$ cat data01.cif   # mmCIF, N, CA and C atoms
data_upload
loop_
_atom_site.label_atom_id
_atom_site.label_comp_id
_atom_site.auth_asym_id
_atom_site.auth_seq_id
_atom_site.Cartn_x
_atom_site.Cartn_y
_atom_site.Cartn_z
N GLN X 1 90.96 97.25 119.36
CA GLN X 1 91.54 97.84 118.17
C GLN X 1 90.56 98.85 117.57
N VAL X 2 91.02 100.11 117.47
CA VAL X 2 90.18 101.15 116.90
C VAL X 2 90.12 100.98 115.39
N GLN X 3 88.93 101.13 114.85
CA GLN X 3 88.76 101.10 113.41
C GLN X 3 88.16 102.41 112.95
N LEU X 4 88.60 102.87 111.79
CA LEU X 4 88.09 104.09 111.20
C LEU X 4 87.42 103.74 109.88
N VAL X 5 86.21 104.23 109.70
CA VAL X 5 85.46 103.95 108.48
C VAL X 5 85.04 105.27 107.85
N GLU X 6 85.53 105.50 106.63
CA GLU X 6 85.19 106.72 105.91
C GLU X 6 84.02 106.50 104.96
N SER X 7 83.33 107.57 104.67
CA SER X 7 82.27 107.55 103.67
C SER X 7 82.06 108.97 103.15
N GLY X 8 81.31 109.08 102.07
CA GLY X 8 80.95 110.39 101.56
C GLY X 8 81.66 110.83 100.29
N GLY X 9 82.61 110.05 99.84
CA GLY X 9 83.29 110.41 98.61
C GLY X 9 82.36 110.30 97.41
N GLY X 10 82.82 110.81 96.28
CA GLY X 10 82.03 110.73 95.06
C GLY X 10 82.62 111.59 93.97
N SER X 11 81.84 111.78 92.93
CA SER X 11 82.27 112.59 91.79
C SER X 11 81.44 113.85 91.72
N VAL X 12 82.12 114.98 91.59
CA VAL X 12 81.45 116.27 91.50
C VAL X 12 82.15 117.13 90.45
N GLN X 13 81.47 118.15 90.02
CA GLN X 13 82.09 119.11 89.10
C GLN X 13 82.81 120.18 89.91
N ALA X 14 83.77 120.81 89.26
CA ALA X 14 84.51 121.89 89.90
C ALA X 14 83.55 122.93 90.44
N GLY X 15 83.85 123.40 91.66
CA GLY X 15 82.98 124.36 92.31
C GLY X 15 81.97 123.71 93.24
N GLY X 16 81.83 122.40 93.15
CA GLY X 16 80.87 121.68 93.97
C GLY X 16 81.37 121.41 95.37
N SER X 17 80.54 120.70 96.13
CA SER X 17 80.83 120.42 97.53
C SER X 17 80.61 118.95 97.85
N LEU X 18 81.35 118.47 98.85
CA LEU X 18 81.17 117.13 99.38
C LEU X 18 81.43 117.16 100.87
N ARG X 19 80.83 116.23 101.60
CA ARG X 19 81.12 116.05 103.02
C ARG X 19 81.62 114.63 103.22
N LEU X 20 82.81 114.51 103.76
CA LEU X 20 83.36 113.22 104.12
C LEU X 20 83.11 112.96 105.60
N THR X 21 82.83 111.70 105.92
CA THR X 21 82.56 111.30 107.30
C THR X 21 83.51 110.18 107.70
N CYS X 22 84.00 110.25 108.93
CA CYS X 22 84.88 109.21 109.48
C CYS X 22 84.36 108.83 110.86
N VAL X 23 83.96 107.58 110.99
CA VAL X 23 83.47 107.09 112.28
C VAL X 23 84.51 106.19 112.91
N ALA X 24 84.84 106.45 114.16
CA ALA X 24 85.81 105.64 114.90
C ALA X 24 85.08 104.73 115.86
N SER X 25 85.44 103.45 115.83
CA SER X 25 84.84 102.50 116.77
C SER X 25 85.85 101.42 117.13
N PRO X 26 85.90 100.92 118.38
CA PRO X 26 85.20 101.51 119.50
C PRO X 26 85.85 102.82 119.91
N TYR X 27 85.18 103.58 120.73
CA TYR X 27 85.69 104.88 121.09
C TYR X 27 86.91 104.74 121.99
N THR X 28 87.90 105.59 121.78
CA THR X 28 89.02 105.68 122.68
C THR X 28 89.52 107.10 122.69
N ASP X 29 89.90 107.60 123.83
CA ASP X 29 90.45 108.95 123.89
C ASP X 29 91.97 108.91 124.11
N SER X 30 92.58 107.78 123.82
CA SER X 30 94.02 107.69 124.00
C SER X 30 94.77 108.39 122.89
N ARG X 31 94.07 108.73 121.83
CA ARG X 31 94.71 109.42 120.72
C ARG X 31 94.18 110.84 120.65
N ASN X 32 95.08 111.82 120.58
CA ASN X 32 94.66 113.21 120.75
C ASN X 32 94.35 113.92 119.45
N ARG X 33 94.63 113.29 118.30
CA ARG X 33 94.38 113.94 117.02
C ARG X 33 93.67 113.01 116.06
N MET X 34 92.79 113.62 115.26
CA MET X 34 92.25 112.93 114.09
C MET X 34 92.47 113.84 112.90
N ALA X 35 92.66 113.24 111.76
CA ALA X 35 93.04 114.04 110.60
C ALA X 35 92.55 113.42 109.31
N TRP X 36 92.54 114.23 108.28
CA TRP X 36 92.27 113.78 106.92
C TRP X 36 93.53 113.96 106.08
N PHE X 37 93.81 112.93 105.33
CA PHE X 37 94.92 112.96 104.38
C PHE X 37 94.36 112.62 102.99
N ARG X 38 95.15 112.90 101.97
CA ARG X 38 94.75 112.50 100.63
C ARG X 38 95.97 112.07 99.82
N GLN X 39 95.69 111.23 98.85
CA GLN X 39 96.75 110.74 97.99
C GLN X 39 96.23 110.61 96.57
N ALA X 40 96.84 111.36 95.67
CA ALA X 40 96.50 111.28 94.26
C ALA X 40 97.43 110.26 93.59
N PRO X 41 97.03 109.69 92.47
CA PRO X 41 97.88 108.70 91.78
C PRO X 41 99.26 109.28 91.47
N GLY X 42 100.29 108.53 91.85
CA GLY X 42 101.65 108.95 91.56
C GLY X 42 102.20 110.00 92.49
N LYS X 43 101.43 110.37 93.49
CA LYS X 43 101.89 111.40 94.43
C LYS X 43 101.95 110.85 95.84
N GLU X 44 102.69 111.55 96.69
CA GLU X 44 102.77 111.15 98.09
C GLU X 44 101.49 111.54 98.84
N ARG X 45 101.26 110.79 99.91
CA ARG X 45 100.13 111.14 100.76
C ARG X 45 100.41 112.47 101.45
N GLU X 46 99.41 113.34 101.48
CA GLU X 46 99.60 114.66 102.08
C GLU X 46 98.51 114.96 103.09
N GLY X 47 98.88 115.72 104.10
CA GLY X 47 97.91 116.12 105.11
C GLY X 47 96.99 117.19 104.59
N VAL X 48 95.72 117.08 104.94
CA VAL X 48 94.70 118.05 104.53
C VAL X 48 94.27 118.89 105.72
N ALA X 49 93.89 118.22 106.81
CA ALA X 49 93.42 118.94 108.00
C ALA X 49 93.54 118.02 109.20
N SER X 50 93.76 118.62 110.36
CA SER X 50 93.89 117.85 111.60
C SER X 50 93.16 118.58 112.72
N ILE X 51 92.49 117.80 113.58
CA ILE X 51 91.70 118.38 114.64
C ILE X 51 91.95 117.63 115.94
N PRO X 52 91.93 118.33 117.09
CA PRO X 52 92.13 117.63 118.36
C PRO X 52 90.86 116.89 118.78
N THR X 53 91.03 115.82 119.52
CA THR X 53 89.87 115.10 120.04
C THR X 53 89.45 115.65 121.40
N THR X 54 90.35 116.38 122.04
CA THR X 54 90.00 117.02 123.31
C THR X 54 90.21 118.53 123.19
N SER X 55 91.44 118.99 123.34
CA SER X 55 91.71 120.41 123.20
C SER X 55 92.95 120.62 122.35
N GLY X 56 93.06 121.79 121.76
CA GLY X 56 94.20 122.09 120.91
C GLY X 56 93.76 122.81 119.66
N SER X 57 94.66 122.96 118.73
CA SER X 57 94.40 123.74 117.54
C SER X 57 94.03 122.86 116.34
N THR X 58 93.25 123.44 115.46
CA THR X 58 92.92 122.82 114.19
C THR X 58 93.83 123.40 113.12
N VAL X 59 94.37 122.55 112.29
CA VAL X 59 95.29 123.03 111.26
C VAL X 59 94.86 122.53 109.89
N TYR X 60 95.20 123.31 108.87
CA TYR X 60 94.86 122.99 107.50
C TYR X 60 96.07 123.14 106.59
N ALA X 61 96.08 122.35 105.55
CA ALA X 61 97.07 122.57 104.51
C ALA X 61 96.74 123.88 103.79
N ASP X 62 97.75 124.58 103.34
CA ASP X 62 97.52 125.86 102.67
C ASP X 62 96.61 125.71 101.45
N SER X 63 96.71 124.58 100.79
CA SER X 63 95.95 124.37 99.56
C SER X 63 94.45 124.27 99.78
N VAL X 64 94.01 124.05 101.03
CA VAL X 64 92.58 123.88 101.29
C VAL X 64 92.02 124.93 102.23
N LYS X 65 92.87 125.80 102.76
CA LYS X 65 92.40 126.82 103.69
C LYS X 65 91.33 127.69 103.04
N GLY X 66 90.27 127.92 103.80
CA GLY X 66 89.17 128.73 103.30
C GLY X 66 88.16 127.96 102.48
N ARG X 67 88.48 126.73 102.10
CA ARG X 67 87.56 125.90 101.31
C ARG X 67 87.09 124.66 102.08
N PHE X 68 87.96 124.09 102.88
CA PHE X 68 87.64 122.87 103.63
C PHE X 68 87.50 123.20 105.11
N THR X 69 86.61 122.46 105.78
CA THR X 69 86.43 122.60 107.22
C THR X 69 86.38 121.23 107.86
N ILE X 70 87.23 121.02 108.86
CA ILE X 70 87.21 119.77 109.62
C ILE X 70 86.49 120.02 110.93
N SER X 71 85.68 119.04 111.35
CA SER X 71 84.96 119.16 112.61
C SER X 71 84.90 117.81 113.28
N HIS X 72 84.66 117.84 114.60
CA HIS X 72 84.66 116.61 115.40
C HIS X 72 83.43 116.57 116.27
N ASP X 73 82.65 115.53 116.14
CA ASP X 73 81.49 115.29 116.99
C ASP X 73 81.91 114.26 118.03
N LYS X 74 82.30 114.73 119.22
CA LYS X 74 82.87 113.82 120.21
C LYS X 74 81.88 112.75 120.68
N PRO X 75 80.64 113.09 121.01
CA PRO X 75 79.71 112.04 121.46
C PRO X 75 79.50 110.93 120.42
N GLU X 76 79.55 111.33 119.14
CA GLU X 76 79.37 110.34 118.07
C GLU X 76 80.69 109.76 117.60
N ASN X 77 81.80 110.27 118.15
CA ASN X 77 83.14 109.83 117.76
C ASN X 77 83.30 109.86 116.24
N THR X 78 82.89 110.98 115.68
CA THR X 78 82.89 111.13 114.22
C THR X 78 83.62 112.41 113.84
N VAL X 79 84.38 112.33 112.78
CA VAL X 79 85.07 113.49 112.23
C VAL X 79 84.54 113.73 110.82
N TYR X 80 84.31 114.99 110.51
CA TYR X 80 83.80 115.36 109.19
C TYR X 80 84.82 116.23 108.46
N LEU X 81 84.75 116.18 107.16
CA LEU X 81 85.51 117.11 106.33
C LEU X 81 84.54 117.69 105.31
N ASP X 82 84.19 118.96 105.50
CA ASP X 82 83.32 119.65 104.55
C ASP X 82 84.20 120.31 103.51
N MET X 83 83.99 119.95 102.28
CA MET X 83 84.81 120.44 101.18
C MET X 83 83.95 121.27 100.23
N ASN X 84 84.30 122.53 100.10
CA ASN X 84 83.59 123.45 99.22
C ASN X 84 84.52 123.98 98.14
N SER X 85 83.93 124.56 97.11
CA SER X 85 84.71 125.13 96.00
C SER X 85 85.76 124.14 95.51
N LEU X 86 85.33 122.92 95.30
CA LEU X 86 86.26 121.87 94.92
C LEU X 86 86.89 122.15 93.56
N LYS X 87 88.15 121.74 93.44
CA LYS X 87 88.93 121.94 92.22
C LYS X 87 89.39 120.57 91.70
N PRO X 88 89.67 120.49 90.41
CA PRO X 88 90.16 119.20 89.88
C PRO X 88 91.40 118.69 90.62
N GLU X 89 92.23 119.59 91.10
CA GLU X 89 93.43 119.16 91.83
C GLU X 89 93.13 118.59 93.21
N ASP X 90 91.88 118.66 93.64
CA ASP X 90 91.47 118.00 94.89
C ASP X 90 91.18 116.53 94.68
N THR X 91 91.18 116.08 93.45
CA THR X 91 90.92 114.68 93.15
C THR X 91 91.97 113.79 93.79
N ALA X 92 91.52 112.83 94.60
CA ALA X 92 92.43 111.94 95.33
C ALA X 92 91.61 110.93 96.13
N MET X 93 92.32 109.95 96.68
CA MET X 93 91.74 109.09 97.69
C MET X 93 91.95 109.80 99.02
N TYR X 94 90.88 109.95 99.78
CA TYR X 94 90.94 110.63 101.06
C TYR X 94 90.89 109.61 102.19
N TYR X 95 91.80 109.77 103.14
CA TYR X 95 91.92 108.85 104.26
C TYR X 95 91.73 109.59 105.59
N CYS X 96 91.06 108.92 106.50
CA CYS X 96 90.95 109.39 107.87
C CYS X 96 92.02 108.70 108.70
N ALA X 97 92.57 109.41 109.68
CA ALA X 97 93.61 108.83 110.52
C ALA X 97 93.48 109.35 111.94
N ALA X 98 94.01 108.57 112.87
CA ALA X 98 94.03 108.96 114.27
C ALA X 98 95.41 108.65 114.85
N GLY X 99 95.81 109.44 115.83
CA GLY X 99 97.12 109.21 116.43
C GLY X 99 97.33 110.05 117.66
N GLN X 100 98.37 109.71 118.38
CA GLN X 100 98.81 110.50 119.53
C GLN X 100 99.97 111.36 119.04
N ILE X 101 99.69 112.61 118.76
CA ILE X 101 100.65 113.51 118.09
C ILE X 101 101.03 114.62 119.05
N PRO X 102 102.26 114.62 119.57
CA PRO X 102 102.63 115.59 120.59
C PRO X 102 103.04 116.97 120.09
N LEU X 103 103.46 117.08 118.84
CA LEU X 103 103.99 118.34 118.35
C LEU X 103 103.14 118.92 117.24
N VAL X 104 102.95 120.23 117.27
CA VAL X 104 102.14 120.91 116.27
C VAL X 104 102.72 120.69 114.88
N ILE X 105 104.03 120.68 114.77
CA ILE X 105 104.65 120.54 113.44
C ILE X 105 104.44 119.16 112.85
N TRP X 106 103.92 118.23 113.64
CA TRP X 106 103.67 116.88 113.15
C TRP X 106 102.22 116.66 112.75
N TYR X 107 101.35 117.62 113.00
CA TYR X 107 99.91 117.39 112.87
C TYR X 107 99.49 116.94 111.48
N LEU X 108 100.22 117.33 110.45
CA LEU X 108 99.85 116.95 109.09
C LEU X 108 100.84 115.99 108.45
N LEU X 109 101.60 115.30 109.26
CA LEU X 109 102.57 114.33 108.75
C LEU X 109 101.96 112.93 108.83
N PRO X 110 101.76 112.25 107.69
CA PRO X 110 101.09 110.95 107.72
C PRO X 110 101.85 109.89 108.51
N ASN X 111 103.17 109.95 108.54
CA ASN X 111 103.92 108.89 109.24
C ASN X 111 103.83 109.00 110.75
N LYS X 112 103.16 110.04 111.27
CA LYS X 112 102.99 110.17 112.72
C LYS X 112 101.68 109.55 113.20
N TYR X 113 100.81 109.18 112.27
CA TYR X 113 99.51 108.61 112.62
C TYR X 113 99.57 107.09 112.48
N ASN X 114 98.99 106.37 113.43
CA ASN X 114 99.11 104.91 113.40
C ASN X 114 97.81 104.17 113.18
N ILE X 115 96.71 104.89 113.04
CA ILE X 115 95.43 104.23 112.76
C ILE X 115 94.85 104.88 111.51
N TRP X 116 94.47 104.05 110.55
CA TRP X 116 94.00 104.55 109.25
C TRP X 116 92.72 103.86 108.82
N GLY X 117 91.90 104.62 108.11
CA GLY X 117 90.74 104.04 107.46
C GLY X 117 91.11 103.50 106.09
N GLN X 118 90.10 102.99 105.38
CA GLN X 118 90.36 102.35 104.10
C GLN X 118 90.35 103.35 102.94
N GLY X 119 89.85 104.54 103.18
CA GLY X 119 89.86 105.58 102.17
C GLY X 119 88.54 105.71 101.42
N THR X 120 88.29 106.89 100.91
CA THR X 120 87.12 107.15 100.09
C THR X 120 87.55 108.06 98.93
N GLN X 121 87.12 107.72 97.73
CA GLN X 121 87.58 108.43 96.53
C GLN X 121 86.78 109.70 96.30
N VAL X 122 87.51 110.77 96.00
CA VAL X 122 86.89 112.04 95.60
C VAL X 122 87.43 112.39 94.21
N THR X 123 86.51 112.61 93.29
CA THR X 123 86.88 112.96 91.91
C THR X 123 86.18 114.25 91.53
N VAL X 124 86.97 115.23 91.12
CA VAL X 124 86.43 116.54 90.73
C VAL X 124 86.74 116.77 89.26
N SER X 125 85.70 116.96 88.49
CA SER X 125 85.88 117.16 87.05
C SER X 125 85.77 118.64 86.71
N SER X 126 86.48 119.03 85.66
CA SER X 126 86.47 120.44 85.26
C SER X 126 85.35 120.74 84.30
#
$ encode --input "data01.cif" --output "structure tokens"
Amino acid sequence: QVQLVESGGGSVQAGGSLRLTCVASPYTDSRNRMAWFRQAPGKEREGVASIPTTSGSTVYADSVKGRFTISHDKPENTVYLDMNSLKPEDTAMYYCAAGQIPLVIWYLLPNKYNIWGQGTQVTVSS
């Protein structure tokens, strides 16, 4: 059973930066995508960024393009989310997920991913 463990959340002021880390153990390459999602209180979970574990395209939500960067360290089986120019509307619980996602249009859909971490809180103050 693959487990995902996130870390790196915290509280920052608007304009600040954070790096989220997601470690997958044990390693498996049966799932072709890893992604970050977020959920603010009272809102639905939304996709932030998705990256292939082997080959394919990296995709971002429009709201984070140019500010967030997702990366994958395959030997360490770790996915990162570098978040810059943070805004108060980025405040949410951030979740790491993994899945076997065959279609590009599904890359940021939370119901297509079947392995989830416990989440890490990000709070951005104005």
$ closest_residue --input "data01.cif" --among "X:Leu20, X:Ser126, X:Gln3, X:Gly117" --to "Lys87 in chain X" --atoms "all atoms listed in the file"
X:Ser126
$ residues_around --input "data01.cif" --residues "His72 in chain X" --least-positions-apart "3" --cutoff "8 Å" --atoms "all atoms listed in the file" --output "PyMOL selection string"
chain X and resi 51-53+69+75-81
$ residues_near_point --input "data01.cif" --point "(88.4, 123.0, 94.3)" --cutoff "8 Å" --atoms "only N, CA and C atoms" --output "PDB file with N, CA and C atoms, in the coordinates of the input"
ATOM      1  N   GLN X  13      81.470 118.150  90.020  1.00  0.00           N
ATOM      2  CA  GLN X  13      82.090 119.110  89.100  1.00  0.00           C
ATOM      3  C   GLN X  13      82.810 120.180  89.910  1.00  0.00           C
ATOM      4  N   ALA X  14      83.770 120.810  89.260  1.00  0.00           N
ATOM      5  CA  ALA X  14      84.510 121.890  89.900  1.00  0.00           C
ATOM      6  C   ALA X  14      83.550 122.930  90.440  1.00  0.00           C
ATOM      7  N   GLY X  15      83.850 123.400  91.660  1.00  0.00           N
ATOM      8  CA  GLY X  15      82.980 124.360  92.310  1.00  0.00           C
ATOM      9  C   GLY X  15      81.970 123.710  93.240  1.00  0.00           C
ATOM     10  N   GLY X  16      81.830 122.400  93.150  1.00  0.00           N
ATOM     11  CA  GLY X  16      80.870 121.680  93.970  1.00  0.00           C
ATOM     12  C   GLY X  16      81.370 121.410  95.370  1.00  0.00           C
ATOM     13  N   ARG X  67      88.480 126.730 102.100  1.00  0.00           N
ATOM     14  CA  ARG X  67      87.560 125.900 101.310  1.00  0.00           C
ATOM     15  C   ARG X  67      87.090 124.660 102.080  1.00  0.00           C
ATOM     16  N   MET X  83      83.990 119.950 102.280  1.00  0.00           N
ATOM     17  CA  MET X  83      84.810 120.440 101.180  1.00  0.00           C
ATOM     18  C   MET X  83      83.950 121.270 100.230  1.00  0.00           C
ATOM     19  N   ASN X  84      84.300 122.530 100.100  1.00  0.00           N
ATOM     20  CA  ASN X  84      83.590 123.450  99.220  1.00  0.00           C
ATOM     21  C   ASN X  84      84.520 123.980  98.140  1.00  0.00           C
ATOM     22  N   SER X  85      83.930 124.560  97.110  1.00  0.00           N
ATOM     23  CA  SER X  85      84.710 125.130  96.000  1.00  0.00           C
ATOM     24  C   SER X  85      85.760 124.140  95.510  1.00  0.00           C
ATOM     25  N   LEU X  86      85.330 122.920  95.300  1.00  0.00           N
ATOM     26  CA  LEU X  86      86.260 121.870  94.920  1.00  0.00           C
ATOM     27  C   LEU X  86      86.890 122.150  93.560  1.00  0.00           C
ATOM     28  N   LYS X  87      88.150 121.740  93.440  1.00  0.00           N
ATOM     29  CA  LYS X  87      88.930 121.940  92.220  1.00  0.00           C
ATOM     30  C   LYS X  87      89.390 120.570  91.700  1.00  0.00           C
ATOM     31  N   PRO X  88      89.670 120.490  90.410  1.00  0.00           N
ATOM     32  CA  PRO X  88      90.160 119.200  89.880  1.00  0.00           C
ATOM     33  C   PRO X  88      91.400 118.690  90.620  1.00  0.00           C
ATOM     34  N   GLU X  89      92.230 119.590  91.100  1.00  0.00           N
ATOM     35  CA  GLU X  89      93.430 119.160  91.830  1.00  0.00           C
ATOM     36  C   GLU X  89      93.130 118.590  93.210  1.00  0.00           C
ATOM     37  N   ASP X  90      91.880 118.660  93.640  1.00  0.00           N
ATOM     38  CA  ASP X  90      91.470 118.000  94.890  1.00  0.00           C
ATOM     39  C   ASP X  90      91.180 116.530  94.680  1.00  0.00           C
ATOM     40  N   THR X  91      91.180 116.080  93.450  1.00  0.00           N
ATOM     41  CA  THR X  91      90.920 114.680  93.150  1.00  0.00           C
ATOM     42  C   THR X  91      91.970 113.790  93.790  1.00  0.00           C
ATOM     43  N   VAL X 124      86.970 115.230  91.120  1.00  0.00           N
ATOM     44  CA  VAL X 124      86.430 116.540  90.730  1.00  0.00           C
ATOM     45  C   VAL X 124      86.740 116.770  89.260  1.00  0.00           C
TER      46      VAL X 124
END
$ closest_residue --input "data01.cif" --among "X:Thr120, X:Ser50, X:Ser125, X:Thr21" --to "Ala35 in chain X" --atoms "all atoms listed in the file"
X:Ser50
$ atom_distance --input "data01.cif" --atom1 "CA of Gly42 in chain X" --atom2 "CA of Ile115 in chain X"
22.6 Å
$ select_by_dssp --input "data01.cif" --residues "chain X" --states "helix (DSSP H, G or I)" --output "ChimeraX atom specification"
/X:88-90,104-106,110-112
$ write_last_selection --input "data01.cif" --atoms "N, CA and C atoms" --output "PDB file, in the frame of the given file"
ATOM      1  N   PRO X  88      89.670 120.490  90.410  1.00  0.00           N
ATOM      2  CA  PRO X  88      90.160 119.200  89.880  1.00  0.00           C
ATOM      3  C   PRO X  88      91.400 118.690  90.620  1.00  0.00           C
ATOM      4  N   GLU X  89      92.230 119.590  91.100  1.00  0.00           N
ATOM      5  CA  GLU X  89      93.430 119.160  91.830  1.00  0.00           C
ATOM      6  C   GLU X  89      93.130 118.590  93.210  1.00  0.00           C
ATOM      7  N   ASP X  90      91.880 118.660  93.640  1.00  0.00           N
ATOM      8  CA  ASP X  90      91.470 118.000  94.890  1.00  0.00           C
ATOM      9  C   ASP X  90      91.180 116.530  94.680  1.00  0.00           C
ATOM     10  N   VAL X 104     102.950 120.230 117.270  1.00  0.00           N
ATOM     11  CA  VAL X 104     102.140 120.910 116.270  1.00  0.00           C
ATOM     12  C   VAL X 104     102.720 120.690 114.880  1.00  0.00           C
ATOM     13  N   ILE X 105     104.030 120.680 114.770  1.00  0.00           N
ATOM     14  CA  ILE X 105     104.650 120.540 113.440  1.00  0.00           C
ATOM     15  C   ILE X 105     104.440 119.160 112.850  1.00  0.00           C
ATOM     16  N   TRP X 106     103.920 118.230 113.640  1.00  0.00           N
ATOM     17  CA  TRP X 106     103.670 116.880 113.150  1.00  0.00           C
ATOM     18  C   TRP X 106     102.220 116.660 112.750  1.00  0.00           C
ATOM     19  N   PRO X 110     101.760 112.250 107.690  1.00  0.00           N
ATOM     20  CA  PRO X 110     101.090 110.950 107.720  1.00  0.00           C
ATOM     21  C   PRO X 110     101.850 109.890 108.510  1.00  0.00           C
ATOM     22  N   ASN X 111     103.170 109.950 108.540  1.00  0.00           N
ATOM     23  CA  ASN X 111     103.920 108.890 109.240  1.00  0.00           C
ATOM     24  C   ASN X 111     103.830 109.000 110.750  1.00  0.00           C
ATOM     25  N   LYS X 112     103.160 110.040 111.270  1.00  0.00           N
ATOM     26  CA  LYS X 112     102.990 110.170 112.720  1.00  0.00           C
ATOM     27  C   LYS X 112     101.680 109.550 113.200  1.00  0.00           C
TER      28      LYS X 112
END
$ resolve_selection --input "data01.cif" --expression "the PyMOL selection byres ((chain X and resi 97-99) around 6)" --output "ChimeraX atom specification"
/X:31-37,95-96,100-101,112-117
$ atom_distance --input "data01.cif" --atom1 "atom N of Thr58 in chain X" --atom2 "atom N of Gly119 in chain X"
22.8 Å
$ select_by_dssp --input "data01.cif" --residues "chain X" --states "strand (DSSP E or B)" --output "NGL selection string"
:X and (3-7 or 10-13 or 18-25 or 33-39 or 46-52 or 59-60 or 68-73 or 78-83 or 92-99 or 115-116 or 120-125)
$ atom_distance --input "data01.cif" --atom1 "atom C of Gln39 in chain X" --atom2 "CA of Tyr94 in chain X"
6.9 Å
$ closest_residue --input "data01.cif" --among "X:Val2, X:Phe68, X:Val12, X:Ala40" --to "Met93 in chain X" --atoms "only C-alpha atoms"
X:Ala40
$ closest_residue --input "data01.cif" --among "X:Glu44, X:Pro26, X:Lys74, X:Leu108" --to "Val59 in chain X" --atoms "only N, CA and C atoms"
X:Leu108
$ closest_residue --input "data01.cif" --among "X:Gly9, X:Lys43, X:Leu109, X:Ser55" --to "Thr123 in chain X" --atoms "all atoms listed in the file"
X:Gly9
$ decode --input "data01.cif" --residues "range 50-97 of chain X" --atoms "C-alpha atoms" --output "tab-separated table (two decimals), in the first residue's frame"
chain	number	residue	atom	x	y	z
X	50	SER	CA	-0.12	17.62	-11.77
X	51	ILE	CA	3.11	16.03	-12.94
X	52	PRO	CA	3.94	12.72	-14.65
X	53	THR	CA	6.04	10.14	-12.83
X	54	THR	CA	7.58	8.97	-16.09
X	55	SER	CA	6.75	11.02	-19.18
X	56	GLY	CA	4.03	13.45	-20.13
X	57	SER	CA	2.95	17.00	-19.53
X	58	THR	CA	2.83	19.09	-16.40
X	59	VAL	CA	-0.36	21.06	-15.90
X	60	TYR	CA	-1.38	23.89	-13.59
X	61	ALA	CA	-4.59	25.50	-12.53
X	62	ASP	CA	-4.95	28.96	-14.07
X	63	SER	CA	-5.03	30.52	-10.62
X	64	VAL	CA	-1.46	29.40	-9.85
X	65	LYS	CA	0.26	29.58	-13.24
X	66	GLY	CA	3.44	31.59	-13.07
X	67	ARG	CA	3.52	31.45	-9.26
X	68	PHE	CA	3.64	27.73	-8.40
X	69	THR	CA	6.02	25.07	-9.70
X	70	ILE	CA	5.58	21.33	-9.31
X	71	SER	CA	8.58	19.04	-9.61
X	72	HIS	CA	9.33	15.34	-9.20
X	73	ASP	CA	12.49	13.76	-7.83
X	74	LYS	CA	12.12	10.21	-9.12
X	75	PRO	CA	15.04	8.58	-7.24
X	76	GLU	CA	13.70	10.03	-3.99
X	77	ASN	CA	10.08	9.38	-4.98
X	78	THR	CA	9.26	12.89	-3.86
X	79	VAL	CA	7.08	15.59	-5.35
X	80	TYR	CA	7.51	19.26	-4.49
X	81	LEU	CA	5.28	22.27	-4.86
X	82	ASP	CA	7.15	25.58	-4.81
X	83	MET	CA	4.73	28.38	-4.12
X	84	ASN	CA	5.77	31.98	-4.70
X	85	SER	CA	3.93	35.30	-4.57
X	86	LEU	CA	1.40	33.74	-2.25
X	87	LYS	CA	-2.00	35.39	-1.90
X	88	PRO	CA	-4.59	35.16	0.88
X	89	GLU	CA	-6.81	33.21	-1.51
X	90	ASP	CA	-4.16	30.47	-1.59
X	91	THR	CA	-5.05	29.66	2.02
X	92	ALA	CA	-6.21	26.04	2.16
X	93	MET	CA	-5.34	22.51	3.19
X	94	TYR	CA	-3.02	21.15	0.53
X	95	TYR	CA	-3.10	17.46	-0.38
X	96	CYS	CA	-0.75	15.28	-2.37
X	97	ALA	CA	-2.28	12.56	-4.53
